[in-house]
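Colleague: This is target.cif (mmCIF, C-alpha atoms).
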```cif
data_start
loop_
_atom_site.label_atom_id
_atom_site.label_comp_id
_atom_site.auth_asym_id
_atom_site.auth_seq_id
_atom_site.Cartn_x
_atom_site.Cartn_y
_atom_site.Cartn_z
CA MET X 733 193.62 166.67 -44.18
CA ASN X 734 196.11 165.32 -41.65
CA SER X 735 199.54 166.75 -42.02
CA GLY X 736 202.65 165.82 -40.18
CA ILE X 737 203.97 162.69 -38.61
CA PRO X 738 201.43 159.87 -38.16
CA LEU X 739 203.14 158.55 -35.04
CA HIS X 740 205.98 160.18 -33.17
CA ILE X 741 207.37 158.60 -30.01
CA LYS X 742 209.83 160.63 -27.98
CA GLN X 743 211.94 159.24 -25.18
CA LEU X 744 209.31 156.72 -24.09
CA VAL X 745 210.10 154.66 -21.01
CA LYS X 746 207.81 151.94 -19.66
CA GLN X 747 208.23 149.15 -17.14
CA GLN X 748 205.69 146.38 -16.94
CA ASP X 749 206.43 143.12 -15.09
CA ASP X 750 209.63 141.81 -16.69
CA ILE X 751 209.41 144.17 -19.66
CA HIS X 752 211.63 147.23 -19.71
CA LEU X 753 211.07 149.54 -22.62
CA GLY X 754 213.06 152.57 -23.51
CA PRO X 755 214.12 155.08 -24.00
CA ILE X 756 212.35 154.72 -27.35
CA ASP X 757 212.39 157.30 -30.12
CA LEU X 758 210.44 156.56 -33.27
CA GLU X 759 209.01 158.53 -36.15
CA LEU X 760 206.72 156.90 -38.72
CA GLU X 761 206.28 158.21 -42.25
CA PRO X 762 202.81 158.40 -43.79
CA ASN X 763 201.63 155.61 -46.13
CA MET X 764 204.25 153.14 -44.98
CA THR X 765 203.75 149.71 -43.49
CA TYR X 766 206.10 148.88 -40.64
CA ALA X 767 206.74 145.41 -39.26
CA LEU X 768 207.74 145.51 -35.60
CA LEU X 769 209.84 142.46 -34.78
CA GLY X 770 211.19 141.22 -31.50
CA PRO X 771 211.38 138.05 -29.45
CA ASN X 772 208.49 136.95 -27.20
CA SER X 773 207.99 139.28 -24.23
CA SER X 774 210.20 141.96 -25.70
CA GLY X 775 207.40 144.47 -25.18
CA LYS X 776 205.89 144.86 -28.65
CA SER X 777 202.29 144.70 -27.46
CA THR X 778 203.09 146.94 -24.51
CA LEU X 779 204.46 149.55 -26.89
CA LEU X 780 201.29 149.41 -29.02
CA LYS X 781 199.13 149.74 -25.92
CA CYS X 782 201.08 152.80 -24.84
CA CYS X 783 200.38 154.33 -28.27
CA MET X 784 196.66 153.77 -27.65
CA ASN X 785 196.90 155.19 -24.11
CA LEU X 786 195.70 151.82 -22.78
CA MET X 787 198.89 151.79 -20.74
CA LYS X 788 200.66 154.82 -19.41
CA PRO X 789 204.39 155.19 -20.01
CA ALA X 790 206.59 156.13 -17.04
CA SER X 791 207.86 159.02 -19.10
CA GLY X 792 208.05 160.26 -22.66
CA ILE X 793 205.68 161.68 -25.25
CA ILE X 794 203.53 159.99 -27.85
CA GLU X 795 202.16 162.16 -30.65
CA ILE X 796 199.66 161.15 -33.31
CA TYR X 797 199.68 163.75 -36.07
CA GLY X 798 201.12 166.20 -33.58
CA ARG X 799 198.49 165.55 -30.90
CA SER X 800 199.34 164.01 -27.59
CA TYR X 801 197.73 162.33 -24.60
CA PRO X 802 195.92 163.13 -22.40
CA GLN X 803 194.70 166.52 -23.59
CA ASP X 804 193.95 165.47 -27.21
CA GLU X 805 192.72 161.99 -26.40
CA HIS X 806 189.30 162.57 -27.95
CA ARG X 807 190.75 163.75 -31.27
CA ILE X 808 193.44 161.07 -31.30
CA LYS X 809 190.83 158.34 -30.97
CA GLN X 810 189.62 159.25 -34.47
CA LEU X 811 193.09 159.07 -35.95
CA ILE X 812 194.24 155.71 -34.69
CA ALA X 813 192.78 152.21 -34.48
CA PHE X 814 194.11 149.11 -32.78
CA ALA X 815 193.55 145.41 -33.42
CA PRO X 816 194.84 143.82 -30.20
CA ASP X 817 195.86 140.21 -29.83
CA PRO X 818 193.68 138.96 -28.29
CA LEU X 819 190.70 141.34 -28.33
CA GLU X 820 189.42 141.14 -24.76
CA GLY X 821 186.22 141.95 -22.92
CA CYS X 822 183.92 141.27 -25.87
CA GLU X 823 182.79 137.76 -24.98
CA LEU X 824 179.08 138.54 -24.78
CA PHE X 825 178.86 140.64 -27.91
CA THR X 826 178.45 139.88 -31.60
CA LEU X 827 180.45 141.59 -34.35
CA GLY X 828 177.32 143.51 -35.36
CA GLN X 829 176.95 144.89 -31.83
CA MET X 830 180.62 145.77 -31.56
CA GLY X 831 180.38 147.66 -34.86
CA ASP X 832 177.45 149.66 -33.53
CA MET X 833 179.42 150.48 -30.37
CA ILE X 834 182.56 151.64 -32.14
CA ALA X 835 180.93 153.50 -35.03
CA PRO X 836 180.11 156.71 -33.11
CA TRP X 837 183.76 157.19 -32.09
CA TYR X 838 185.00 157.49 -35.63
CA ALA X 839 183.78 160.15 -38.02
CA SER X 840 185.24 158.15 -40.90
CA TRP X 841 183.38 154.92 -40.02
CA GLU X 842 181.22 153.71 -42.89
CA ARG X 843 178.69 151.01 -42.26
CA SER X 844 178.85 149.78 -45.86
CA HIS X 845 182.59 149.22 -45.58
CA PHE X 846 182.11 147.43 -42.30
CA LEU X 847 179.49 145.08 -43.73
CA ARG X 848 181.52 144.42 -46.86
CA ARG X 849 184.62 143.53 -44.84
CA ALA X 850 182.69 141.20 -42.57
CA GLU X 851 181.33 139.51 -45.68
CA GLN X 852 184.75 139.26 -47.37
CA PHE X 853 186.16 137.70 -44.22
CA LYS X 854 183.10 135.41 -44.01
CA VAL X 855 182.70 136.28 -40.36
CA PRO X 856 179.10 136.23 -39.03
CA LEU X 857 177.62 139.44 -37.64
CA ASP X 858 175.31 137.67 -35.20
CA LYS X 859 177.58 135.12 -33.51
CA ARG X 860 178.72 135.83 -29.98
CA TYR X 861 182.43 136.45 -29.65
CA GLU X 862 182.81 133.79 -26.92
CA LYS X 863 181.58 131.16 -29.40
CA MET X 864 184.11 132.10 -32.05
CA SER X 865 187.28 130.30 -33.05
CA GLN X 866 190.66 132.00 -32.79
CA GLY X 867 190.64 132.80 -36.51
CA GLU X 868 187.14 134.28 -36.36
CA ARG X 869 188.14 136.42 -33.39
CA LYS X 870 191.10 137.74 -35.33
CA LYS X 871 188.81 138.59 -38.22
CA VAL X 872 186.54 140.48 -35.84
CA ALA X 873 189.45 142.55 -34.56
CA LEU X 874 190.63 143.29 -38.12
CA THR X 875 187.16 144.11 -39.45
CA LEU X 876 186.63 146.62 -36.66
CA ALA X 877 190.07 148.23 -36.97
CA LEU X 878 189.97 148.49 -40.78
CA SER X 879 186.41 149.83 -40.83
CA THR X 880 187.35 152.84 -38.73
CA GLN X 881 189.33 154.03 -41.79
CA ALA X 882 191.65 155.68 -39.30
CA PRO X 883 194.92 156.94 -40.84
CA VAL X 884 197.03 155.07 -38.29
CA LEU X 885 196.53 151.34 -37.73
CA LEU X 886 198.22 149.36 -34.98
CA LEU X 887 197.87 145.63 -35.60
CA ASP X 888 199.09 143.11 -33.06
CA GLU X 889 199.93 139.91 -34.96
CA PRO X 890 197.22 140.53 -37.54
CA THR X 891 197.52 137.24 -39.43
CA ASN X 892 197.77 134.97 -36.40
CA GLY X 893 195.16 132.22 -36.92
CA LEU X 894 193.82 133.55 -40.23
CA ASP X 895 192.98 130.99 -42.90
CA ILE X 896 194.47 131.37 -46.39
CA ASN X 897 191.38 133.03 -47.80
CA SER X 898 191.14 135.61 -45.06
CA ARG X 899 194.81 136.34 -45.25
CA ASN X 900 194.49 137.13 -48.95
CA ARG X 901 191.36 139.23 -48.35
CA PHE X 902 193.22 141.14 -45.64
CA LYS X 903 196.07 141.84 -48.03
CA GLU X 904 193.63 143.07 -50.69
CA MET X 905 191.85 145.31 -48.20
CA LEU X 906 195.10 147.02 -47.26
CA VAL X 907 195.92 147.60 -50.94
CA GLU X 908 192.43 148.87 -51.79
CA ASP X 909 192.34 151.21 -48.81
CA ALA X 910 195.74 152.63 -49.75
CA GLU X 911 194.24 153.89 -53.03
CA ARG X 912 191.61 155.91 -51.18
CA ILE X 913 193.06 157.03 -47.87
CA GLU X 914 196.34 157.95 -46.28
CA ARG X 915 197.21 155.11 -43.99
CA THR X 916 200.23 154.16 -41.95
CA VAL X 917 200.36 150.65 -40.52
CA LEU X 918 202.43 149.42 -37.61
CA MET X 919 202.13 145.66 -37.19
CA THR X 920 203.84 143.24 -34.87
CA THR X 921 204.52 139.83 -36.29
CA HIS X 922 206.52 136.64 -35.94
CA ALA X 923 205.63 135.45 -39.43
CA ILE X 924 208.25 135.79 -42.15
CA GLU X 925 205.49 135.76 -44.75
CA ASP X 926 203.97 138.88 -43.20
CA ILE X 927 207.28 140.67 -43.51
CA ARG X 928 207.60 139.56 -47.13
CA GLN X 929 204.08 140.51 -48.14
CA PHE X 930 203.24 143.56 -46.06
CA ALA X 931 206.29 145.38 -44.77
CA ASP X 932 208.01 148.35 -46.34
CA GLN X 933 210.14 148.99 -43.30
CA ILE X 934 211.40 146.86 -40.46
CA LEU X 935 211.59 147.87 -36.81
CA LEU X 936 213.52 145.72 -34.36
CA LEU X 937 212.73 145.77 -30.68
CA LYS X 938 215.84 144.60 -28.87
CA ASN X 939 216.56 144.98 -25.17
CA GLY X 940 213.86 147.58 -24.86
CA ARG X 941 215.21 149.77 -27.66
CA ILE X 942 213.98 150.27 -31.21
CA GLU X 943 216.36 149.78 -34.10
CA GLY X 944 215.25 151.17 -37.44
CA PRO X 945 213.25 151.86 -39.45
CA LEU X 946 215.27 149.74 -41.87
CA GLU X 947 214.14 149.68 -45.49
CA LYS X 948 213.25 146.06 -46.25
CA ASP X 949 214.40 145.86 -49.88
CA ARG X 950 217.63 147.63 -49.05
CA LEU X 951 218.35 145.07 -46.31
CA ILE X 952 217.64 142.18 -48.68
CA GLN X 953 220.01 143.68 -51.23
CA SER X 954 222.82 144.54 -48.89
CA TRP X 955 223.11 141.26 -46.97
CA ARG X 956 224.59 138.50 -49.11
CA ARG X 957 226.33 135.16 -48.91
CA VAL X 958 229.38 135.02 -51.15
CA TRP X 959 231.40 131.94 -52.12
CA LEU X 960 235.01 132.53 -53.05
CA SER X 961 237.56 130.66 -55.03
CA ALA X 962 239.87 128.69 -52.73
CA ASP X 963 243.27 129.19 -54.36
CA LYS X 964 244.65 132.22 -52.59
CA LEU X 965 242.47 133.77 -49.97
CA PRO X 966 243.80 136.69 -47.95
CA ASP X 967 242.63 137.58 -44.46
CA LEU X 968 238.91 138.10 -44.97
CA SER X 969 238.46 139.95 -41.70
CA VAL X 970 239.89 143.04 -43.38
CA ILE X 971 237.24 142.97 -46.10
CA PRO X 972 234.63 145.63 -45.25
CA GLY X 973 231.09 144.49 -44.50
CA VAL X 974 232.00 140.90 -43.64
CA VAL X 975 230.19 139.62 -40.54
CA GLU X 976 231.05 135.94 -40.81
CA TYR X 977 233.53 133.79 -42.65
CA ASN X 978 233.70 130.03 -43.15
CA GLY X 979 236.76 128.55 -44.80
CA TYR X 980 235.88 124.90 -45.06
CA PRO X 981 234.99 123.11 -47.27
CA TYR X 982 233.60 125.85 -49.52
CA PRO X 983 235.02 129.20 -48.48
CA HIS X 984 232.22 131.70 -48.11
CA LEU X 985 231.46 134.86 -46.26
CA ILE X 986 228.38 136.75 -45.18
CA THR X 987 228.34 140.46 -45.74
CA ARG X 988 226.00 143.11 -44.45
CA ASN X 989 227.27 145.55 -47.03
CA TRP X 990 227.39 143.78 -50.37
CA GLN X 991 228.52 146.75 -52.44
CA GLU X 992 231.50 147.53 -50.20
CA THR X 993 232.47 143.88 -49.98
CA LEU X 994 232.16 143.45 -53.75
CA ASP X 995 234.31 146.50 -54.44
CA SER X 996 236.94 145.27 -52.02
CA LEU X 997 236.96 141.72 -53.41
CA ASN X 998 237.32 143.11 -56.92
CA ALA X 999 240.11 145.45 -55.86
CA ASN X 1000 241.96 142.53 -54.25
CA GLN X 1001 241.25 140.33 -57.28
CA ILE X 1002 239.53 137.65 -55.24
CA PRO X 1003 237.27 135.69 -57.60
CA ILE X 1004 233.65 135.19 -56.57
CA VAL X 1005 232.32 131.74 -57.33
CA ARG X 1006 228.73 132.53 -56.51
CA ASP X 1007 226.70 135.01 -54.54
CA GLN X 1008 223.12 134.98 -53.33
CA PRO X 1009 220.87 136.86 -50.94
CA LEU X 1010 220.12 135.45 -47.49
CA SER X 1011 216.71 133.91 -47.00
CA LEU X 1012 214.35 136.31 -45.24
CA ASP X 1013 214.22 133.99 -42.18
CA GLU X 1014 217.98 133.98 -41.86
CA LEU X 1015 218.24 137.70 -42.46
CA MET X 1016 215.68 138.52 -39.77
CA GLU X 1017 217.29 136.17 -37.27
CA ARG X 1018 220.67 137.74 -37.87
CA LEU X 1019 219.25 141.24 -37.49
CA LEU X 1020 217.54 140.31 -34.22
CA ASN X 1021 220.65 138.64 -32.82
CA GLU X 1022 223.16 141.21 -33.97
CA MET D 180 196.24 140.78 -56.48
CA SER D 181 195.66 144.12 -58.09
CA GLU D 182 193.33 144.53 -61.06
CA ILE D 183 196.12 145.41 -63.45
CA GLN D 184 198.43 142.44 -63.76
CA LEU D 185 201.78 143.13 -65.34
CA PRO D 186 204.04 140.23 -66.28
CA ILE D 187 206.87 141.66 -64.22
CA GLN D 188 209.19 139.19 -62.60
CA ILE D 189 211.75 140.25 -60.09
CA SER D 190 214.63 138.19 -58.88
CA GLU D 191 216.18 138.75 -55.47
CA HIS D 192 219.07 136.61 -56.60
CA SER D 193 220.04 139.11 -59.25
CA ARG D 194 222.66 141.70 -58.39
CA GLU D 195 220.49 144.24 -60.15
CA PRO D 196 218.55 146.36 -57.61
CA ILE D 197 214.82 145.55 -57.60
CA TYR D 198 213.75 149.07 -58.59
CA HIS D 199 216.01 148.80 -61.60
CA GLN D 200 214.54 145.43 -62.60
CA ILE D 201 211.03 146.91 -62.45
CA GLU D 202 212.15 149.93 -64.45
CA GLN D 203 213.84 147.87 -67.17
CA GLN D 204 210.92 145.51 -67.60
CA LEU D 205 208.38 148.32 -67.82
CA ILE D 206 210.56 150.11 -70.37
CA SER D 207 210.74 147.01 -72.53
CA PHE D 208 206.93 146.58 -72.42
CA ILE D 209 206.48 150.22 -73.38
CA VAL D 210 209.09 150.29 -76.13
CA SER D 211 207.85 147.03 -77.63
CA GLY D 212 204.32 148.43 -77.69
CA GLN D 213 202.83 145.83 -75.33
CA LEU D 214 201.96 148.71 -73.05
CA LYS D 215 200.37 151.43 -75.14
CA PRO D 216 200.17 155.15 -74.45
CA GLY D 217 197.38 155.97 -72.00
CA MET D 218 197.19 152.51 -70.47
CA PRO D 219 196.91 152.61 -66.68
CA LEU D 220 199.63 151.17 -64.45
CA PRO D 221 198.94 149.65 -61.03
CA SER D 222 199.13 151.93 -58.02
CA ILE D 223 202.40 151.90 -56.13
CA ARG D 224 200.93 149.96 -53.22
CA ALA D 225 199.26 147.43 -55.56
CA LEU D 226 202.43 146.70 -57.52
CA ALA D 227 204.50 146.50 -54.34
CA SER D 228 201.99 144.02 -52.96
CA ASP D 229 202.03 141.90 -56.14
CA LEU D 230 205.82 141.80 -56.20
CA SER D 231 206.24 141.49 -52.42
CA CYS D 232 208.56 144.44 -52.38
CA SER D 233 208.29 147.76 -50.62
CA VAL D 234 206.44 150.86 -51.81
CA ILE D 235 209.74 152.70 -51.53
CA THR D 236 211.18 150.50 -54.28
CA VAL D 237 208.19 150.84 -56.63
CA ASN D 238 208.04 154.56 -55.99
CA ARG D 239 211.67 154.86 -56.96
CA ALA D 240 211.10 152.93 -60.20
CA TYR D 241 208.03 155.02 -61.07
CA GLN D 242 209.86 158.26 -60.32
CA ASN D 243 212.76 157.33 -62.56
CA LEU D 244 210.38 156.29 -65.35
CA GLU D 245 208.44 159.51 -64.98
CA GLN D 246 211.63 161.53 -65.18
CA ARG D 247 212.53 159.71 -68.40
CA LYS D 248 209.00 160.42 -69.64
CA PHE D 249 207.96 156.79 -70.10
CA ILE D 250 205.03 157.20 -67.72
CA GLN D 251 203.09 160.05 -66.23
CA THR D 252 201.12 160.46 -63.05
CA VAL D 253 197.88 162.38 -63.11
CA GLN D 254 197.05 163.72 -59.67
CA GLY D 255 194.11 161.83 -58.23
CA LYS D 256 193.72 159.56 -61.26
CA GLY D 257 196.77 157.34 -61.27
CA THR D 258 199.79 156.52 -63.35
CA PHE D 259 199.65 155.99 -67.11
CA VAL D 260 201.92 154.97 -69.95
CA ALA D 261 203.17 158.07 -71.71
CA ASP D 262 203.37 158.67 -75.43
CA VAL D 263 207.01 157.80 -75.94
CA GLN D 264 208.79 159.61 -78.76
CA ALA D 265 210.07 157.48 -81.66
CA GLU D 266 213.63 158.66 -81.09
CA GLU D 267 213.46 157.65 -77.42
CA LYS D 268 212.27 154.19 -78.46
CA GLN D 269 215.16 154.01 -80.92
CA HIS D 270 217.54 155.10 -78.20
CA VAL D 271 216.37 152.31 -75.88
CA ALA D 272 216.55 149.74 -78.67
CA ASP D 273 220.10 150.85 -79.53
CA GLU D 274 221.05 150.66 -75.89
CA SER D 275 219.82 147.09 -75.45
CA LEU D 276 221.56 146.00 -78.66
CA TYR D 277 224.77 147.58 -77.39
CA GLN D 278 224.42 145.78 -74.04
CA ALA D 279 223.79 142.43 -75.75
CA PHE D 280 226.94 142.79 -77.87
CA ARG D 281 228.89 143.89 -74.85
CA THR D 282 227.86 140.80 -72.91
CA ALA D 283 228.84 138.57 -75.84
CA VAL D 284 232.24 140.23 -76.26
CA GLU D 285 232.88 140.06 -72.52
CA MET D 286 232.19 136.35 -72.64
CA SER D 287 234.56 135.87 -75.56
CA LEU D 288 237.35 137.69 -73.71
CA ARG D 289 236.67 135.71 -70.56
CA LEU D 290 237.19 132.56 -72.62
CA GLN D 291 240.66 133.93 -73.49
CA ASN D 292 239.79 134.64 -77.12
CA ASP D 293 241.76 137.39 -78.82
CA GLU D 294 240.37 140.24 -80.88
CA ALA D 295 240.67 138.39 -84.19
CA LYS D 296 238.87 135.27 -82.92
CA THR D 297 236.11 137.42 -81.39
CA ARG D 298 235.60 139.37 -84.61
CA GLU D 299 235.72 136.20 -86.67
CA THR D 300 232.98 134.63 -84.54
CA PHE D 301 230.87 137.75 -84.85
CA GLU D 302 231.25 137.77 -88.65
CA LYS D 303 230.39 134.10 -88.77
CA VAL D 304 227.19 134.57 -86.76
CA LEU D 305 226.21 137.58 -88.83
CA LEU D 306 226.79 135.73 -92.09
CA GLU D 307 224.91 132.69 -90.85
CA LEU D 308 221.86 134.70 -89.80
CA MET D 309 221.85 136.73 -93.03
CA LYS D 310 221.89 133.50 -95.00
CA GLU D 311 219.04 132.00 -92.96
CA ARG D 312 216.98 135.11 -93.50
CA GLY D 313 217.89 135.17 -97.17
CA THR D 314 216.58 131.69 -97.85
CA LYS D 315 213.39 132.20 -95.86
CA GLY D 316 212.91 135.68 -97.25
CA ARG D 317 212.50 138.63 -94.93
#
```
Could I get this file's structure written as C-alpha cells?
Modeller:
Amino acid sequence: MNSGIPLHIKQLVKQQDDIHLGPIDLELEPNMTYALLGPNSSGKSTLLKCCMNLMKPASGIIEIYGRSYPQDEHRIKQLIAFAPDPLEGCELFTLGQMGDMIAPWYASWERSHFLRRAEQFKVPLDKRYEKMSQGERKKVALTLALSTQAPVLLLDEPTNGLDINSRNRFKEMLVEDAERIERTVLMTTHAIEDIRQFADQILLLKNGRIEGPLEKDRLIQSWRRVWLSADKLPDLSVIPGVVEYNGYPYPHLITRNWQETLDSLNANQIPIVRDQPLSLDELMERLLNE
Amino acid sequence: MSEIQLPIQISEHSREPIYHQIEQQLISFIVSGQLKPGMPLPSIRALASDLSCSVITVNRAYQNLEQRKFIQTVQGKGTFVADVQAEEKQHVADESLYQAFRTAVEMSLRLQNDEAKTRETFEKVLLELMKERGTKGR
C-alpha cells in the first residue's frame, strides 16, 4: 500500500520563542518505534507540530510517504496521526463526540477498534473532556490517535499520567497493531521506562539538531563500565573508546566502544576485574550531555 | 505480553550480544524438543516487547535462525519452528559439549594446572560419573 519513507524531514528550520530548531534532517524507517529525547524546551513538541503542519517551518521540507505540505495536505492527513500533550480545544466534547468528528478524516478508522480501545483504557465515552483527569485526557488522545490506524503516529509524551493498567494496555495495543498494519511511531518522552519498553531507535534533540537514529540495543552493548586491576596501569587516555577514567580507589573506565576498548586492553595485557553495562538512565544522560 | 510466552531470558550484563542470546536459547529449545516442528513463534514486535529489546535485534536473531533452517517464516502467517534434521540436532549437541569442555579446560589452565593435572581431573570425573551411573543402572 504505502511505499517509501514514512517520514522524511529535509533541512527543516523553525524558530519559536526561545526555541531554535535546525537545520534538521531525519529519515524514519517503516515499522520502527523512535524515542525522541531532549531536555525541556528543546523543541520536541514543536518538531512534531511541524510534521502535522500545525506550525509552519521557516524553511525545509517535510514528506510523509513522499507527500508534502501544503499541496498533499488532504492525503497526508490520512497517513499520520498525532496525540498532542496536552490535547487542546476539546473541553466541551466527550470522547464519543470527538471520535465521531475525527472518523470521517481517516479512511482506515474503524468504530469497533475505537470502542474496544476506549473500553480497554476504561475511559468513558460520555464524559466531557473538561471534567477529566490528566490520565483520562491522555487516554482520550491515545484512543483517538491509535484508532485512526494511520501508518505514522506522532505521540507527545504518551505515557505521561497513565496508570499502570493503561500503560500495559497501551503497550499491548502497539504490539497487536504491529501484527496487522505497517506502523512507524515517533514518540517524545522523558521516561526511561518508555525507552526501555517501546523504543527501537533513539533520537536526540540537542541544540536544535537531531542526532541519530541510534539503535538502542547497540548503544546498550557498546557503552560499558570496566574495572581494571590496579597493579600496572598505563595511560588509559590512549585506549580507544574511553570517555572517562577514574583511578581511585577502584580504577575503572567508561567506554563508548566496548569492543575496541576490550581489544586494546587485551592487546596491552591489562586485566579486567569486572565489566557491566551502564544503566539506561546513565546512558541516556551521557548521550544527551555529550 | 504476547500470547506465546517463551522462557527466554536475556541478560544485558552478559558480553554476549542480545540477538545471540535469543538465538542460542531458541536453538536449545528446538534441539531439546521443547519447541516442536510447526509450533508458532511470537511475532518480532511481540518478542521485542516481551524482552524489552528492539525489533532490530529480534529480527536479526530470527534471520540467523531462518538461515540455519531452525525456523521458517510463512508470508502473512507468521514464524514457525522448522523440522530440524537429526544430523543438525547432533551437530548442535556436539557443539555445546565441545564448548562445555572448552570452558572447563580454560578454567583449569587459568588455575595454573598443567596438561597432566587437567587430564587427570577429567579422567577422575569421567570415572566417577560412570561409576554412579553403573550402580544406579542406566
Colleague: Could you pull the residues within 8 Å of range 220-223 of chain D, counting all atoms listed in the file, minus those fewer than 6 positions along the same chain, as a PyMOL selection string?
Modeller: (chain X and resi 911) or (chain D and resi 181-184+234+237-238+257-260)
Colleague: Quick one: which residues from chain X are at most 10 Å off chain D, using all atoms listed in the file, as a ChimeraX atom specification?
Modeller: /X:763-765,900-901,903-904,906-912,925-933,947-950,952-954,956,990-991,1007-1011
Colleague: One decimal, in Å: what's the spacing between CA of Ser961 in chain X and CA of Tyr980 in chain X?
Modeller: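 About the pair CA of Ser961 in chain X and CA of Tyr980 in chain X: they are 11.6 Å apart.
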Colleague: Choose the residue, out of X:Gly940, X:Gly792, X:Leu857, X:Glu889, that has the smallest atom-to-atom separation from Asp750 in chain X; count all atoms listed in the file.
Modeller: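 Of X:Gly940, X:Gly792, X:Leu857, X:Glu889, the one nearest Asp750 in chain X is X:Gly940, counting all atoms listed in the file.
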Colleague: List the neighbours of range 777-790 of chain X out to 9 Å using only C-alpha atoms; skip same-chain residues closer than 4 positions along the sequence, and give me the result as a PyMOL selection string.
Modeller: chain X and resi 739+741+744-748+751+753+773+794-796+801-802+805+808-809+812-814+816-817+886-888+918+920
Colleague: Can you spell out as a list in words the set of residues that the PyMOL selection byres ((chain X and resi 736) around 9) selects in the structure I just provided?
Modeller: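 Expected selection for the PyMOL selection byres ((chain X and resi 736) around 9) here is Asn734, Ser735, Ile737, Pro738, Leu739, Glu761, Pro762, Ile796, Tyr797 and Gly798 of chain X.
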